[in-house]
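Raw contents of run.pdb, PDB, C-alpha atoms and all ligand atoms:
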```
ATOM      1  CA  MET A   1      80.748  50.574 132.946
ATOM      2  CA  PRO A   2      77.241  50.330 131.436
ATOM      3  CA  SER A   3      75.932  52.833 133.932
ATOM      4  CA  PHE A   4      78.749  55.227 133.131
ATOM      5  CA  SER A   5      78.204  55.062 129.381
ATOM      6  CA  SER A   6      74.456  55.437 129.757
ATOM      7  CA  PHE A   7      75.141  58.415 132.019
ATOM      8  CA  LEU A   8      77.351  59.843 129.275
ATOM      9  CA  SER A   9      74.775  59.327 126.566
ATOM     10  CA  THR A  10      71.933  60.839 128.588
ATOM     11  CA  MET A  11      74.119  63.846 129.311
ATOM     12  CA  ALA A  12      75.589  64.139 125.859
ATOM     13  CA  MET A  13      72.461  63.725 123.764
ATOM     14  CA  PRO A  14      70.728  66.998 124.655
ATOM     15  CA  LEU A  15      74.021  68.827 124.258
ATOM     16  CA  LEU A  16      74.604  67.297 120.828
ATOM     17  CA  LEU A  17      71.060  68.077 119.755
ATOM     18  CA  LEU A  18      71.475  71.640 120.945
ATOM     19  CA  LEU A  19      74.724  72.013 119.027
ATOM     20  CA  ALA A  20      73.255  70.474 115.899
ATOM     21  CA  SER A  21      70.177  72.691 115.922
ATOM     22  CA  SER A  22      72.167  75.858 116.480
ATOM     23  CA  LEU A  23      74.438  74.933 113.573
ATOM     24  CA  ILE A  24      71.458  74.452 111.285
ATOM     25  CA  ALA A  25      69.873  77.710 112.364
ATOM     26  CA  THR A  26      72.896  79.919 111.744
ATOM     27  CA  ASN A  27      74.924  77.886 109.243
ATOM     28  CA  ALA A  28      78.004  79.363 110.877
ATOM     29  CA  GLY A  29      80.823  78.726 108.487
ATOM     30  CA  ASN A  30      84.118  77.032 109.085
ATOM     31  CA  PHE A  31      87.002  77.929 106.777
ATOM     32  CA  TYR A  32      88.494  74.416 106.931
ATOM     33  CA  GLN A  33      85.182  72.795 105.994
ATOM     34  CA  ASP A  34      83.907  75.360 103.529
ATOM     35  CA  PHE A  35      86.937  76.594 101.562
ATOM     36  CA  ASP A  36      90.119  75.547  99.780
ATOM     37  CA  ILE A  37      93.075  77.825  99.260
ATOM     38  CA  THR A  38      93.471  77.420  95.507
ATOM     39  CA  TRP A  39      96.538  79.427  94.529
ATOM     40  CA  GLY A  40      99.368  81.593  95.806
ATOM     41  CA  ASP A  41     101.924  78.982  96.834
ATOM     42  CA  GLY A  42     101.398  79.329 100.587
ATOM     43  CA  ARG A  43     100.477  83.027 100.543
ATOM     44  CA  GLY A  44      96.865  82.236 101.451
ATOM     45  CA  LYS A  45      96.365  80.693 104.894
ATOM     46  CA  ILE A  46      93.509  79.400 106.965
ATOM     47  CA  ILE A  47      94.576  80.582 110.419
ATOM     48  CA  ASN A  48      91.711  78.928 112.276
ATOM     49  CA  SER A  49      88.145  77.848 111.558
ATOM     50  CA  GLN A  50      86.988  81.476 111.724
ATOM     51  CA  LEU A  51      89.973  83.371 110.288
ATOM     52  CA  LEU A  52      91.695  83.345 106.911
ATOM     53  CA  ALA A  53      94.392  85.567 105.396
ATOM     54  CA  LEU A  54      95.389  86.292 101.810
ATOM     55  CA  SER A  55      98.723  87.835 100.939
ATOM     56  CA  LEU A  56     100.278  89.522  97.909
ATOM     57  CA  ASP A  57     103.892  90.260  97.083
ATOM     58  CA  LYS A  58     105.772  91.031  93.900
ATOM     59  CA  THR A  59     105.891  87.364  92.870
ATOM     60  CA  SER A  60     102.254  86.395  93.417
ATOM     61  CA  GLY A  61      98.889  87.051  94.958
ATOM     62  CA  SER A  62      96.655  84.345  96.417
ATOM     63  CA  GLY A  63      93.093  83.118  96.454
ATOM     64  CA  PHE A  64      90.540  80.697  97.801
ATOM     65  CA  GLN A  65      87.233  79.182  96.724
ATOM     66  CA  SER A  66      84.315  77.397  98.343
ATOM     67  CA  LYS A  67      84.187  73.631  98.278
ATOM     68  CA  ARG A  68      80.465  73.761  97.634
ATOM     69  CA  ASP A  69      78.198  75.174  94.937
ATOM     70  CA  TYR A  70      75.224  77.311  95.844
ATOM     71  CA  LEU A  71      72.058  78.192  93.966
ATOM     72  CA  PHE A  72      70.660  81.156  95.933
ATOM     73  CA  GLY A  73      71.713  82.193  99.374
ATOM     74  CA  LYS A  74      72.488  84.908 101.837
ATOM     75  CA  ILE A  75      76.223  84.879 102.130
ATOM     76  CA  ASP A  76      78.056  87.037 104.647
ATOM     77  CA  MET A  77      81.777  87.516 105.058
ATOM     78  CA  GLN A  78      83.701  89.919 107.233
ATOM     79  CA  LEU A  79      86.752  91.473 105.588
ATOM     80  CA  LYS A  80      89.538  93.674 106.878
ATOM     81  CA  LEU A  81      91.321  95.196 103.900
ATOM     82  CA  ILE A  82      95.021  96.017 103.404
ATOM     83  CA  PRO A  83      95.953  99.001 105.595
ATOM     84  CA  GLY A  84      98.256 101.870 104.667
ATOM     85  CA  ASN A  85      99.403 102.178 101.107
ATOM     86  CA  SER A  86      97.364  99.571  99.195
ATOM     87  CA  ALA A  87      97.531 101.363  95.833
ATOM     88  CA  GLY A  88      97.373  99.044  92.841
ATOM     89  CA  THR A  89      95.980  96.098  94.808
ATOM     90  CA  VAL A  90      92.595  94.510  94.237
ATOM     91  CA  THR A  91      90.796  92.300  96.750
ATOM     92  CA  THR A  92      87.943  90.394  95.138
ATOM     93  CA  TYR A  93      85.044  88.578  96.738
ATOM     94  CA  TYR A  94      82.475  87.075  94.389
ATOM     95  CA  LEU A  95      80.149  84.275  93.339
ATOM     96  CA  LYS A  96      80.673  82.656  89.947
ATOM     97  CA  SER A  97      79.391  79.709  87.935
ATOM     98  CA  GLN A  98      81.335  77.688  85.367
ATOM     99  CA  GLY A  99      81.455  77.731  81.562
ATOM    100  CA  THR A 100      81.409  80.324  78.794
ATOM    101  CA  THR A 101      77.946  81.665  79.603
ATOM    102  CA  TRP A 102      78.634  82.028  83.289
ATOM    103  CA  ASP A 103      76.838  84.105  85.913
ATOM    104  CA  GLU A 104      78.766  86.171  88.408
ATOM    105  CA  ILE A 105      78.065  88.517  91.329
ATOM    106  CA  ASP A 106      81.088  90.668  92.217
ATOM    107  CA  PHE A 107      82.502  92.730  95.020
ATOM    108  CA  GLU A 108      85.976  94.161  94.294
ATOM    109  CA  PHE A 109      87.920  96.446  96.592
ATOM    110  CA  LEU A 110      90.347  98.764  94.833
ATOM    111  CA  GLY A 111      93.192  99.888  97.109
ATOM    112  CA  ASN A 112      94.585 103.393  97.448
ATOM    113  CA  LEU A 113      97.329 105.514  98.945
ATOM    114  CA  SER A 114      97.260 105.898 102.753
ATOM    115  CA  GLY A 115      94.318 108.051 103.737
ATOM    116  CA  ASP A 116      92.712 107.964 100.284
ATOM    117  CA  PRO A 117      89.482 106.028  99.919
ATOM    118  CA  TYR A 118      89.114 102.487  98.677
ATOM    119  CA  ILE A 119      86.595 101.999  95.880
ATOM    120  CA  VAL A 120      84.024  99.219  96.195
ATOM    121  CA  HIS A 121      83.370  98.012  92.677
ATOM    122  CA  THR A 122      80.300  95.819  92.016
ATOM    123  CA  ASN A 123      79.115  94.008  88.908
ATOM    124  CA  VAL A 124      76.581  91.384  87.850
ATOM    125  CA  PHE A 125      77.239  89.019  84.950
ATOM    126  CA  THR A 126      74.471  86.954  83.383
ATOM    127  CA  GLN A 127      75.102  84.439  80.608
ATOM    128  CA  GLY A 128      78.733  85.612  80.381
ATOM    129  CA  LYS A 129      77.852  89.273  79.955
ATOM    130  CA  GLY A 130      78.644  91.943  82.552
ATOM    131  CA  ASN A 131      78.990  95.686  81.881
ATOM    132  CA  ARG A 132      76.790  96.440  84.891
ATOM    133  CA  GLU A 133      79.298  98.231  87.103
ATOM    134  CA  GLN A 134      78.390 100.355  90.080
ATOM    135  CA  GLN A 135      81.103 101.830  92.294
ATOM    136  CA  PHE A 136      81.011 103.286  95.784
ATOM    137  CA  TYR A 137      83.143 104.861  98.458
ATOM    138  CA  LEU A 138      82.561 103.575 101.989
ATOM    139  CA  TRP A 139      81.391 105.594 104.997
ATOM    140  CA  PHE A 140      84.193 104.130 107.154
ATOM    141  CA  ASP A 141      87.827 103.092 106.816
ATOM    142  CA  PRO A 142      87.628  99.415 105.724
ATOM    143  CA  THR A 143      91.215  98.752 106.846
ATOM    144  CA  LYS A 144      90.767  99.575 110.556
ATOM    145  CA  ASN A 145      88.242  96.865 111.462
ATOM    146  CA  PHE A 146      86.341  93.934 110.055
ATOM    147  CA  HIS A 147      83.119  94.836 108.236
ATOM    148  CA  THR A 148      80.436  92.556 106.845
ATOM    149  CA  TYR A 149      79.973  92.324 103.082
ATOM    150  CA  SER A 150      76.876  90.381 102.073
ATOM    151  CA  ILE A 151      75.325  89.044  98.927
ATOM    152  CA  LEU A 152      71.669  88.127  99.201
ATOM    153  CA  TRP A 153      70.713  86.222  96.087
ATOM    154  CA  ASN A 154      67.182  84.904  95.723
ATOM    155  CA  PRO A 155      65.004  84.233  92.657
ATOM    156  CA  GLN A 156      63.637  87.801  92.634
ATOM    157  CA  ARG A 157      66.715  89.950  93.305
ATOM    158  CA  ILE A 158      70.340  90.312  94.294
ATOM    159  CA  ILE A 159      71.085  92.684  97.182
ATOM    160  CA  PHE A 160      74.652  93.817  97.915
ATOM    161  CA  SER A 161      75.007  95.043 101.509
ATOM    162  CA  VAL A 162      77.734  96.451 103.720
ATOM    163  CA  ASP A 163      77.211  96.055 107.472
ATOM    164  CA  GLY A 164      73.568  95.313 106.739
ATOM    165  CA  ILE A 165      73.093  98.500 104.716
ATOM    166  CA  PRO A 166      72.004  97.774 101.136
ATOM    167  CA  ILE A 167      74.203  99.508  98.559
ATOM    168  CA  ARG A 168      72.853  97.925  95.377
ATOM    169  CA  VAL A 169      69.879  95.896  94.200
ATOM    170  CA  PHE A 170      69.777  93.979  90.907
ATOM    171  CA  LYS A 171      66.224  92.883  90.264
ATOM    172  CA  ASN A 172      65.043  89.950  88.233
ATOM    173  CA  SER A 173      64.013  91.612  84.950
ATOM    174  CA  GLU A 174      63.463  88.448  82.945
ATOM    175  CA  SER A 175      60.033  89.817  81.988
ATOM    176  CA  MET A 176      61.942  92.562  80.111
ATOM    177  CA  GLY A 177      64.216  90.040  78.411
ATOM    178  CA  VAL A 178      67.170  90.528  80.779
ATOM    179  CA  PRO A 179      68.693  87.220  81.883
ATOM    180  CA  PHE A 180      68.809  86.639  85.645
ATOM    181  CA  PRO A 181      71.167  84.220  87.375
ATOM    182  CA  ASN A 182      68.790  81.518  88.506
ATOM    183  CA  LYS A 183      69.887  78.299  86.856
ATOM    184  CA  GLN A 184      73.641  77.987  87.300
ATOM    185  CA  PRO A 185      75.047  77.095  90.724
ATOM    186  CA  MET A 186      77.963  79.251  91.824
ATOM    187  CA  LYS A 187      80.985  78.904  94.059
ATOM    188  CA  ILE A 188      82.313  81.643  96.321
ATOM    189  CA  TYR A 189      85.731  82.979  95.335
ATOM    190  CA  SER A 190      88.168  85.494  96.709
ATOM    191  CA  SER A 191      91.557  86.711  95.628
ATOM    192  CA  LEU A 192      94.155  89.334  96.328
ATOM    193  CA  TRP A 193      96.202  90.414  93.346
ATOM    194  CA  ASN A 194      97.992  93.268  91.668
ATOM    195  CA  ALA A 195      96.249  95.403  89.080
ATOM    196  CA  ASP A 196      98.217  98.615  89.170
ATOM    197  CA  ASP A 197      97.621  99.082  85.449
ATOM    198  CA  TRP A 198      94.045 100.204  86.298
ATOM    199  CA  ALA A 199      92.998  99.890  89.932
ATOM    200  CA  THR A 200      94.039 103.129  91.582
ATOM    201  CA  ARG A 201      93.083 106.404  89.935
ATOM    202  CA  GLY A 202      92.717 104.480  86.728
ATOM    203  CA  GLY A 203      96.309 103.147  86.854
ATOM    204  CA  LEU A 204      98.075 106.442  87.637
ATOM    205  CA  VAL A 205      99.209 105.274  91.082
ATOM    206  CA  LYS A 206     101.438 102.194  91.091
ATOM    207  CA  THR A 207     101.979  99.602  93.802
ATOM    208  CA  ASP A 208     104.773 100.384  96.262
ATOM    209  CA  TRP A 209     106.420  96.971  96.593
ATOM    210  CA  THR A 210     108.559  98.142  99.511
ATOM    211  CA  LYS A 211     105.286  97.824 101.502
ATOM    212  CA  ALA A 212     104.771  94.151 100.532
ATOM    213  CA  PRO A 213     103.569  91.659 101.627
ATOM    214  CA  PHE A 214     100.041  93.087 101.520
ATOM    215  CA  LYS A 215      97.472  91.203 103.603
ATOM    216  CA  ALA A 216      93.690  91.030 103.732
ATOM    217  CA  PHE A 217      91.810  89.108 106.438
ATOM    218  CA  TYR A 218      88.517  87.200 106.343
ATOM    219  CA  ARG A 219      86.392  86.306 109.322
ATOM    220  CA  ASN A 220      83.009  84.852 110.333
ATOM    221  CA  PHE A 221      81.836  83.378 107.047
ATOM    222  CA  ASN A 222      78.137  82.619 107.236
ATOM    223  CA  ALA A 223      75.916  81.114 104.560
ATOM    224  CA  ASN A 224      72.168  80.674 104.681
ATOM    225  CA  ALA A 225      72.121  79.107 101.287
ATOM    226  CA  CYS A 226      70.809  76.385  99.047
ATOM    227  CA  VAL A 227      73.670  73.984  98.503
ATOM    228  CA  TRP A 228      73.725  72.415  95.056
ATOM    229  CA  SER A 229      74.988  68.860  94.728
ATOM    230  CA  SER A 230      74.199  65.919  92.444
ATOM    231  CA  GLN A 231      71.886  68.113  90.342
ATOM    232  CA  ALA A 232      69.702  68.939  93.344
ATOM    233  CA  SER A 233      69.213  71.823  95.733
ATOM    234  CA  SER A 234      69.267  71.361  99.484
ATOM    235  CA  CYS A 235      66.343  73.793  99.577
ATOM    236  CA  ALA A 236      64.083  71.597  97.429
ATOM    237  CA  SER A 237      63.527  69.151 100.261
ATOM    238  CA  LYS A 238      62.436  71.607 102.905
ATOM    239  CA  THR A 239      59.604  74.080 103.235
ATOM    240  CA  PRO A 240      60.955  77.628 103.428
ATOM    241  CA  SER A 241      58.934  78.690 106.445
ATOM    242  CA  SER A 242      61.365  79.323 109.269
ATOM    243  CA  ALA A 243      62.813  82.756 109.964
ATOM    244  CA  ALA A 244      66.218  81.470 108.851
ATOM    245  CA  ASP A 245      64.803  80.998 105.334
ATOM    246  CA  ALA A 246      63.293  84.472 105.051
ATOM    247  CA  TRP A 247      66.150  85.497 102.743
ATOM    248  CA  LEU A 248      64.615  83.321  99.993
ATOM    249  CA  SER A 249      61.874  85.887  99.462
ATOM    250  CA  HIS A 250      63.486  88.897 101.119
ATOM    251  CA  ASP A 251      62.805  92.341  99.709
ATOM    252  CA  LEU A 252      63.821  95.747 101.054
ATOM    253  CA  ASP A 253      61.406  97.311 103.522
ATOM    254  CA  SER A 254      60.947 101.094 103.559
ATOM    255  CA  THR A 255      63.749 101.598 106.110
ATOM    256  CA  SER A 256      66.195  99.662 103.943
ATOM    257  CA  GLN A 257      65.001 101.529 100.841
ATOM    258  CA  ARG A 258      65.843 104.763 102.637
ATOM    259  CA  LYS A 259      69.314 103.469 103.543
ATOM    260  CA  LEU A 260      69.887 102.386  99.946
ATOM    261  CA  ARG A 261      68.970 105.859  98.714
ATOM    262  CA  TRP A 262      71.297 107.391 101.328
ATOM    263  CA  VAL A 263      74.227 105.292 100.048
ATOM    264  CA  GLN A 264      73.405 105.944  96.414
ATOM    265  CA  LYS A 265      73.101 109.683  96.978
ATOM    266  CA  ASN A 266      76.224 110.122  99.114
ATOM    267  CA  TYR A 267      78.650 107.321  98.245
ATOM    268  CA  MET A 268      77.942 106.121  94.726
ATOM    269  CA  ILE A 269      80.665 107.274  92.332
ATOM    270  CA  TYR A 270      79.777 105.354  89.181
ATOM    271  CA  ASN A 271      76.564 103.848  87.854
ATOM    272  CA  TYR A 272      76.394 102.193  84.427
ATOM    273  CA  CYS A 273      72.705 103.045  84.353
ATOM    274  CA  THR A 274      73.471 106.758  84.080
ATOM    275  CA  ASP A 275      76.458 106.442  81.742
ATOM    276  CA  TRP A 276      74.696 107.681  78.620
ATOM    277  CA  LYS A 277      78.029 108.262  76.838
ATOM    278  CA  ARG A 278      78.854 104.607  77.158
ATOM    279  CA  PHE A 279      75.430 103.472  75.951
ATOM    280  CA  PRO A 280      74.570 105.956  73.182
ATOM    281  CA  GLN A 281      71.821 103.626  71.901
ATOM    282  CA  GLY A 282      70.202 103.677  75.351
ATOM    283  CA  VAL A 283      71.108 102.263  78.744
ATOM    284  CA  PRO A 284      70.379  98.556  79.359
ATOM    285  CA  ALA A 285      66.733  97.568  79.822
ATOM    286  CA  GLU A 286      67.009  96.782  83.541
ATOM    287  CA  CYS A 287      68.039 100.404  84.160
ATOM    288  CA  LYS A 288      64.651 101.655  82.990
ATOM    289  CA  ARG A 289      62.799 100.066  85.902
ATOM    290  CA  SER A 290      61.695 102.298  88.732
ATOM    291  CA  SER A 291      64.227 102.111  91.578
TER     292      SER A 291
HETATM  293  C1  LIG B 301      91.918 107.052  95.541
HETATM  294  O1  LIG B 301      91.998 108.374  95.959
HETATM  295  C2  LIG B 301      91.765 109.343  94.931
HETATM  296  C3  LIG B 301      91.986 110.712  95.518
HETATM  297  O2  LIG B 301      91.156 110.934  96.622
HETATM  298  C4  LIG B 301      90.354 109.151  94.395
HETATM  299  O3  LIG B 301      90.136 110.035  93.288
HETATM  300  C5  LIG B 301      90.131 107.708  93.939
HETATM  301  O4  LIG B 301      88.773 107.508  93.571
HETATM  302  C6  LIG B 301      90.494 106.783  95.080
HETATM  303  N1  LIG B 301      90.272 105.362  94.830
HETATM  304  C7  LIG B 301      90.840 104.658  93.842
HETATM  305  C8  LIG B 301      90.665 103.192  93.917
HETATM  306  O5  LIG B 301      91.455 105.135  92.926
END
```

Let's see the structure in the file written out as structure tokens.
Amino acid sequence: MPSFSSFLSTMAMPLLLLLASSLIATNAGNFYQDFDITWGDGRGKIINSQLLALSLDKTSGSGFQSKRDYLFGKIDMQLKLIPGNSAGTVTTYYLKSQGTTWDEIDFEFLGNLSGDPYIVHTNVFTQGKGNREQQFYLWFDPTKNFHTYSILWNPQRIIFSVDGIPIRVFKNSESMGVPFPNKQPMKIYSSLWNADDWATRGGLVKTDWTKAPFKAFYRNFNANACVWSSQASSCASKTPSSAADAWLSHDLDSTSQRKLRWVQKNYMIYNYCTDWKRFPQGVPAECKRSS
């Protein structure tokens, strides 16, 4: 017996260490450990540790949220959006803090008739104030396959990316008096709901309930992030030197800048920074920065 158990421990230890170190390096998520389905009366389901589904019908939508709070991170999620006629539906995926002066970083996917393009709507709220919308079409059909939607949030900037291609950057402009989300920890949220009063062609196209239930799928959640608990950040105790922590100071290199310009030139359909009608007294201060 002793020899058998010592055999086991000598064999198992390196394996355990290997597993533990690979988990730390990638922070591969697990839906059971990282999220709670918060509403929808059974319409939201964790299918396995790497797959989750939200569903919407005429009675209700559904949603989930992270168990943990984060203060900065690179958070990736793969989504496969509702196929076919998804008009009037909205799939949201965002980070948000609590309280009346909350911060929020939003992705919203506005459904459409079969064959018509989804709109990716983005926004950044600081101190409870948003009005920073940018909207995009995608360069692929987001209902055919899973695609990766990422929020990189560090003290200098927020980068929204799709399949690793940056679509939007919100820079820290505190020096110009613009608040930046850097003090309030946020949870990750997602929901699928009906908004046919505005979502598709500004509310002209209504949801076809004969196509319900509508389903969106989530896969391969991954967070390289600073977890906030008991008033402390998990990042405070370690030196951000490893490659896995590069996101903490990440900025776009010239290749990524070029990709960002490509998206903004070809796929951007709304930018609050160029909506002079909406801001007759002048567009917000952060818009006046170069790129
Ligand atoms: C839906 O398709 C129409 C027609 O192509 C387009 O104008 C609109 O921007 C699309 N997206 C949404 C969410 O309305």

Selected residue of minimal separation from ligand LIG 301 (chain B) among A:Glu108, A:Asp245, A:Asp36, A:Asp116, counting all atoms listed in the file: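 Using all atoms listed in the file, the shortest distance to ligand LIG 301 (chain B) belongs to A:Asp116.
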
Hey, could you make a per-residue contact list for chain A against ligand LIG 301 (chain B) with 6 Å as the cut-off, showing the nearest pair of atoms and its distance in Å to one decimal, counting only C-alpha atoms and all ligand atoms, sorted by chain and number, as CSV?
```
residue,atom,partner,partner_atom,distance
A:Leu110,CA,B:LIG301,C8,4.5
A:Gly111,CA,B:LIG301,C8,5.2
A:Asn112,CA,B:LIG301,C1,4.9
A:Asp116,CA,B:LIG301,O1,4.4
A:Pro117,CA,B:LIG301,C6,5.0
A:Tyr118,CA,B:LIG301,N1,4.9
A:Ile119,CA,B:LIG301,C8,4.7
A:Ala199,CA,B:LIG301,C8,5.7
A:Thr200,CA,B:LIG301,O5,3.5
A:Arg201,CA,B:LIG301,O5,3.6
```

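Taken over the whole file, the PyMOL selection byres (((chain A and resi 284) around 10) and not hetatm) covers exactly A:Asn131, A:Arg132, A:Val178, A:Tyr272, A:Cys273, A:Thr274, A:Phe279, A:Gln281, A:Gly282, A:Val283, A:Ala285, A:Glu286, A:Cys287, A:Lys288.
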
Atom pair CA of Thr255 (chain A) / CA of Arg157 (chain A): separation (Å):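 Between CA of Thr255 (chain A) and CA of Arg157 (chain A) the gap is 17.6 Å.
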
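With distances taken over all atoms listed in the file, A:Asn194 is the one residue among A:Ser49, A:Asn194, A:Ser249, A:Ser237 lying closest to Pro213 (chain A).
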
d(CA of Leu260 (chain A), CA of Ser114 (chain A)) in Å: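 According to the coordinates, CA of Leu260 (chain A) and CA of Ser114 (chain A) are separated by 27.7 Å.
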
Picked residues, the PyMOL selection byres (((chain A and resi 192) around 7) and not hetatm), as an MDAnalysis selection string: chainID A and resid 54:56 61:63 90:92 191 193

Spatial neighbours of Asp251 (chain A), 12 Å, only C-alpha atoms, chain gap at least 6 places, as a PyMOL selection string: chain A and resi 152-159+166+169-172+257

Nearest-residue call for His147 (chain A), choices A:Asp41, A:Asp163, A:Asp34, A:Asp106, using only C-alpha atoms: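 Nearest to His147 (chain A): A:Asp163.
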
Ala28 (chain A) environment, 9 Å, only C-alpha atoms, sequence neighbours closer than 6 positions dropped, as a PyMOL selection string: chain A and resi 22+220-224

Atomic separation - CA of Gly128 (chain A) relative to CA of Leu204 (chain A), Å: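 CA of Leu204 (chain A) sits 29.3 Å away from CA of Gly128 (chain A).
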
Residues near Ala236 (chain A), cut-off 10 Å, all atoms listed in the file, skip fewer than 4 positions along chain, as a list in words: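 Those residues are Cys226, Val227, Trp228, Ala232 and Pro240 of chain A.
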
Nearest to Asp253 (chain A) by atom-to-atom distance, counting all atoms listed in the file, from A:Ala216, A:Ile165, A:Leu71, A:Ala195: A:Ile165

Radius query 9 Å about (105.6, 93.9, 92.0), atoms used: only C-alpha atoms, as a PyMOL selection string: chain A and resi 57-60+194+207-209+212

Specify as a short mmCIF file (atom, residue, chain, number, x, y, z; two decimals) with C-alpha atoms, in the coordinates of the input each residue included when the PyMOL selection byres (((chain A and resi 139) around 12) and not hetatm) is applied to this file.
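Done, and the output landed in expr-v9.cif:
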```cif
data_model
loop_
_atom_site.label_atom_id
_atom_site.label_comp_id
_atom_site.auth_asym_id
_atom_site.auth_seq_id
_atom_site.Cartn_x
_atom_site.Cartn_y
_atom_site.Cartn_z
CA PRO A 117 89.48 106.03 99.92
CA TYR A 118 89.11 102.49 98.68
CA ILE A 119 86.60 102.00 95.88
CA VAL A 120 84.02 99.22 96.20
CA PHE A 136 81.01 103.29 95.78
CA TYR A 137 83.14 104.86 98.46
CA LEU A 138 82.56 103.58 101.99
CA PHE A 140 84.19 104.13 107.15
CA ASP A 141 87.83 103.09 106.82
CA PRO A 142 87.63 99.42 105.72
CA HIS A 147 83.12 94.84 108.24
CA VAL A 162 77.73 96.45 103.72
CA ASP A 163 77.21 96.06 107.47
CA ILE A 165 73.09 98.50 104.72
CA ILE A 167 74.20 99.51 98.56
CA TRP A 262 71.30 107.39 101.33
CA VAL A 263 74.23 105.29 100.05
CA GLN A 264 73.40 105.94 96.41
CA ASN A 266 76.22 110.12 99.11
CA TYR A 267 78.65 107.32 98.24
CA MET A 268 77.94 106.12 94.73
#
```
